[in-house]
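Visitor: The structure that follows is given in the form of structure tokens.
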Amino acid sequence: VSRRYRLAVLIEDADRARVWLEALRRAVPDWQVDDGRRVAAADQVDFVVLWGRAEGLSRFTHLRAILSLGAGVDHVLRDPDLPREVPLIRMVDPGLACGMVEYVSCHVLRHHLGAPSLERSQREQRWTTVTPQLAHERTVGIMGLGAMGSACATRLTQFGFQVVGWSRTRKSLAGVTVHAGRHELPAFLARSEILVCLLPLTEDTRDILDAGLCARLPRGAAIINAARGEHLVEDDLLAALDAGQISGATLDVFRVEPLPQGHPFWQHPCISVTPHVASLTRPGSGAQSIVRSISSLLAGESPPGLVNQEAGY
Ligand SMILES: NC(=O)c1ccc[n+]([C@@H]2O[C@H](COP(=O)([O-])OP(=O)(O)OC[C@H]3O[C@@H](n4cnc5c(N)ncnc54)[C@H](OP(=O)(O)O)[C@@H]3O)[C@@H](O)[C@H]2O)c1
């Protein structure tokens with residue numbers, strides 16, 4: 001990459017903006033890296049690195065690409081200020097996938113081993129022994145086989161789980177039984193004793209975790225949602241838990257974040273709440289990923305994470 005490119009960091013939160021400015025200046029010392037909230041000559045900026053809302057984006061009139069620090073870009077695509085003709089690149093970072101693999105493995109194993117119910121027994125000082133199933137007797141279903149889902153599916157096969165996956169177009173993953181498209185969703189759900197949602201939020205996937213979906217899972221299934229809060233119809237989950245159709249849920253993402261005080265999920269005995277921490281973009285490796293994406297774009301290639309704005313992810 002020869003010319004001295006200009007890059008602006010557009011992040012509302014001042015502390016977070018500073019961290020990313022430093023990381024990017026370290027990653028590309030020859031480029032001009034500015035705080036996008038108060039940059040001069042915005043029309044000469046080549047790349048904007050964005051977190052959260054795209055406010056102020058319309059000042060940057062000659063962009064070569066917009067790079068989002070998040071893996072999901074649903075909120076960016078909803079922004080009326082987003083210039084549709086500029087390539088949008090989302091974060092695809094090995095560190096991000098690694099974090100998700102650890103989170104999903106932990107919570108799949110928790111449900112698999114009945115940890116939530118053992119913890120309830122402990123609180124009630126009840127000595128209840130049940131022989132747990134082994135991983136090879138358990139099927140885990142992964143919705144979404146992208147950067148996150150495929151890494152999680154592969155790792156879960158290494159624990160010995162039977163793993164089924166579902167995506168829009170058919171994937172091929174060693175050791176994973178794959179399903180594709182709406183018409184194959186029922187067959188996928190019928191096998192998923194522990195269901196993990198790692199879908200992007202699009203018009204096709206909003207509210208997908210609803211009463212109909214719960215009813216198609218094996219009785220007593222568990223649900224883990226680490227994708228987006230709007231995938232889940234909250235009242236439908238509560239009803240399915242009450243009815244015993246679903247035995248437990250681990251939720252990292254919510255329709256309203258932070259999850260409001262007094263929300264029924266906080267106290268529910270069968271729900272584990274984590275505060276949107278399944279996987280975080282780390283400035284060190286994240287800045288390197290941004291530079292890789294830009295270099296590949298400048299070389300005329302299609303960078304990893306290039307968003308298909310038509311498909312919405
Ligand atoms: N909680 C956290 O901390 C955290 C951290 C990172 C990411 N996330 C979330 O994790 C999710 C996945 O991220 P990612 O980077 O893995 O996304 P990705 O690489 O774009 O993968 C998305 C996957 O979902 C599939 N898909 C999309 N629409 C579908 C549909 N209508 N029906 C069936 N499958 C569909 C895609 O199918 P194709 O393969 O056919 O395209 C692909 O396999 C996002 O929602 C992101 O926001 C959360």
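Residue numbering restarts at 1 in every chain; chains get A, B, ... in the order shown in the structure tokens, and ligands count up from 1 in that same order.
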List every residue of range 42-236 of chain A that DSSP, applied to the backbone, labels as alpha helix (DSSP H), and write the result as a PyMOL selection string.

Guide: chain A and resi 74-77+94-112+115-123+147-158+185-191+211-216+234-236

Visitor: Kindly provide, as a ChimeraX atom specification, all nucleotide and amino acid residues lying within 6 Å of ligand 1, counting only C-alpha atoms and all ligand atoms.

Guide: /A:71-72,144-149,166-169,181,198-201,204-205,226-228,252-253,276-280,313

Visitor: Take the residues that were just selected and, keeping N, CA, C and O atoms, output them as a compact mmCIF listing (two decimals), in the first residue's frame.

Guide:
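Result went into part20.txt, see below:
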# COMPACT_ATOMS: atom_id res chain seq x y z
N ALA A 71 -19.25 -7.26 14.12
CA ALA A 71 -19.47 -8.35 13.16
C ALA A 71 -20.84 -8.20 12.50
O ALA A 71 -21.02 -8.53 11.34
N GLY A 72 -21.80 -7.69 13.27
CA GLY A 72 -23.16 -7.50 12.74
C GLY A 72 -23.31 -6.06 12.27
O GLY A 72 -22.86 -5.13 12.94
N GLY A 144 -26.87 -20.53 11.35
CA GLY A 144 -25.91 -19.59 10.82
C GLY A 144 -24.55 -20.25 10.82
O GLY A 144 -24.01 -20.58 11.88
N LEU A 145 -24.01 -20.47 9.64
CA LEU A 145 -22.70 -21.14 9.52
C LEU A 145 -21.70 -20.20 8.89
O LEU A 145 -20.96 -20.55 7.98
N GLY A 146 -21.69 -18.94 9.37
CA GLY A 146 -20.73 -17.96 8.87
C GLY A 146 -19.45 -18.01 9.68
O GLY A 146 -19.06 -19.06 10.20
N ALA A 147 -18.83 -16.82 9.81
CA ALA A 147 -17.55 -16.74 10.52
C ALA A 147 -17.68 -17.33 11.93
O ALA A 147 -16.84 -18.11 12.37
N MET A 148 -18.75 -16.97 12.63
CA MET A 148 -18.94 -17.45 14.02
C MET A 148 -19.45 -18.89 14.05
O MET A 148 -18.89 -19.75 14.73
N GLY A 149 -20.54 -19.11 13.32
CA GLY A 149 -21.21 -20.41 13.39
C GLY A 149 -20.34 -21.56 12.94
O GLY A 149 -20.32 -22.63 13.58
N TRP A 166 -27.40 -24.93 10.01
CA TRP A 166 -28.40 -24.39 9.08
C TRP A 166 -27.92 -23.05 8.55
O TRP A 166 -27.47 -22.20 9.33
N SER A 167 -27.98 -22.87 7.24
CA SER A 167 -27.57 -21.59 6.64
C SER A 167 -28.48 -21.30 5.45
O SER A 167 -29.38 -22.10 5.12
N ARG A 168 -28.26 -20.16 4.82
CA ARG A 168 -29.12 -19.76 3.70
C ARG A 168 -28.72 -20.58 2.46
O ARG A 168 -29.55 -21.21 1.83
N THR A 169 -27.42 -20.56 2.15
CA THR A 169 -26.93 -21.39 1.06
C THR A 169 -26.19 -22.57 1.67
O THR A 169 -25.69 -22.50 2.79
N GLY A 181 -31.74 -23.28 3.82
CA GLY A 181 -33.00 -22.70 3.37
C GLY A 181 -34.17 -23.03 4.29
O GLY A 181 -34.12 -23.96 5.09
N LEU A 198 -26.67 -18.03 15.70
CA LEU A 198 -25.55 -17.17 15.26
C LEU A 198 -25.86 -16.61 13.87
O LEU A 198 -25.01 -16.59 12.98
N LEU A 199 -27.12 -16.19 13.72
CA LEU A 199 -27.56 -15.62 12.44
C LEU A 199 -27.33 -14.11 12.44
O LEU A 199 -27.34 -13.48 13.49
N PRO A 200 -27.18 -13.52 11.26
CA PRO A 200 -27.22 -12.05 11.22
C PRO A 200 -28.67 -11.60 11.34
O PRO A 200 -29.59 -12.37 11.02
N LEU A 201 -28.88 -10.36 11.77
CA LEU A 201 -30.24 -9.84 11.85
C LEU A 201 -30.62 -9.24 10.50
O LEU A 201 -30.03 -8.26 10.06
N ASP A 204 -35.31 -11.46 7.01
CA ASP A 204 -35.65 -12.89 7.00
C ASP A 204 -35.47 -13.55 8.35
O ASP A 204 -36.04 -14.62 8.59
N THR A 205 -34.62 -12.98 9.20
CA THR A 205 -34.29 -13.70 10.45
C THR A 205 -34.85 -13.01 11.70
O THR A 205 -34.77 -13.59 12.78
N ALA A 226 -26.69 -15.79 20.89
CA ALA A 226 -25.52 -14.89 20.97
C ALA A 226 -25.47 -14.02 19.73
O ALA A 226 -24.42 -13.46 19.41
N ALA A 227 -26.60 -13.90 19.01
CA ALA A 227 -26.57 -13.16 17.74
C ALA A 227 -27.09 -11.74 17.93
O ALA A 227 -26.31 -10.81 18.14
N ARG A 228 -28.42 -11.58 17.89
CA ARG A 228 -29.04 -10.27 18.10
C ARG A 228 -30.33 -10.46 18.89
O ARG A 228 -31.06 -11.45 18.68
N ASP A 252 -27.33 -13.62 25.45
CA ASP A 252 -26.26 -12.63 25.53
C ASP A 252 -26.70 -11.29 24.93
O ASP A 252 -26.07 -10.27 25.16
N VAL A 253 -27.77 -11.35 24.15
CA VAL A 253 -28.22 -10.17 23.40
C VAL A 253 -29.71 -9.97 23.62
O VAL A 253 -30.45 -10.94 23.81
N HIS A 276 -24.05 -9.02 26.65
CA HIS A 276 -23.49 -8.83 25.29
C HIS A 276 -21.95 -8.87 25.32
O HIS A 276 -21.28 -7.93 24.89
N VAL A 277 -21.46 -9.98 25.85
CA VAL A 277 -20.00 -10.14 25.98
C VAL A 277 -19.52 -11.43 25.31
O VAL A 277 -18.37 -11.84 25.52
N ALA A 278 -20.40 -12.07 24.52
CA ALA A 278 -20.01 -13.36 23.94
C ALA A 278 -18.67 -13.23 23.24
O ALA A 278 -17.79 -14.07 23.39
N SER A 279 -18.52 -12.17 22.47
CA SER A 279 -17.27 -11.98 21.77
C SER A 279 -17.09 -10.51 21.46
O SER A 279 -17.99 -9.89 20.91
N LEU A 280 -15.96 -9.98 21.82
CA LEU A 280 -15.73 -8.54 21.64
C LEU A 280 -14.59 -8.32 20.64
O LEU A 280 -13.66 -9.12 20.56
N TYR A 313 -26.46 -8.63 5.07
CA TYR A 313 -25.40 -9.09 5.97
C TYR A 313 -24.11 -9.36 5.20
O TYR A 313 -24.14 -9.39 3.98

Visitor: Can you work out the spacing between CA of His268 in chain A and CA of Leu251 in chain A in Å, to one decimal?

Guide: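 Answer for the CA of His268 in chain A to CA of Leu251 in chain A separation: 11.7 Å.
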
Visitor: Just the strand (DSSP E) stuff from range 25-219 of chain A, please, per backbone DSSP, written as a ChimeraX atom specification.

Guide: /A:32-35,47-51,65-68,88-89,139-143,162-167,176-180,194-197

Visitor: Applying 8 Å and only C-alpha atoms, which residues near range 114-124 of chain A remain after dropping the ones on its own chain fewer than 6 positions away? List them as an MDAnalysis selection string.

Guide: chainID A and resid 132 269:270
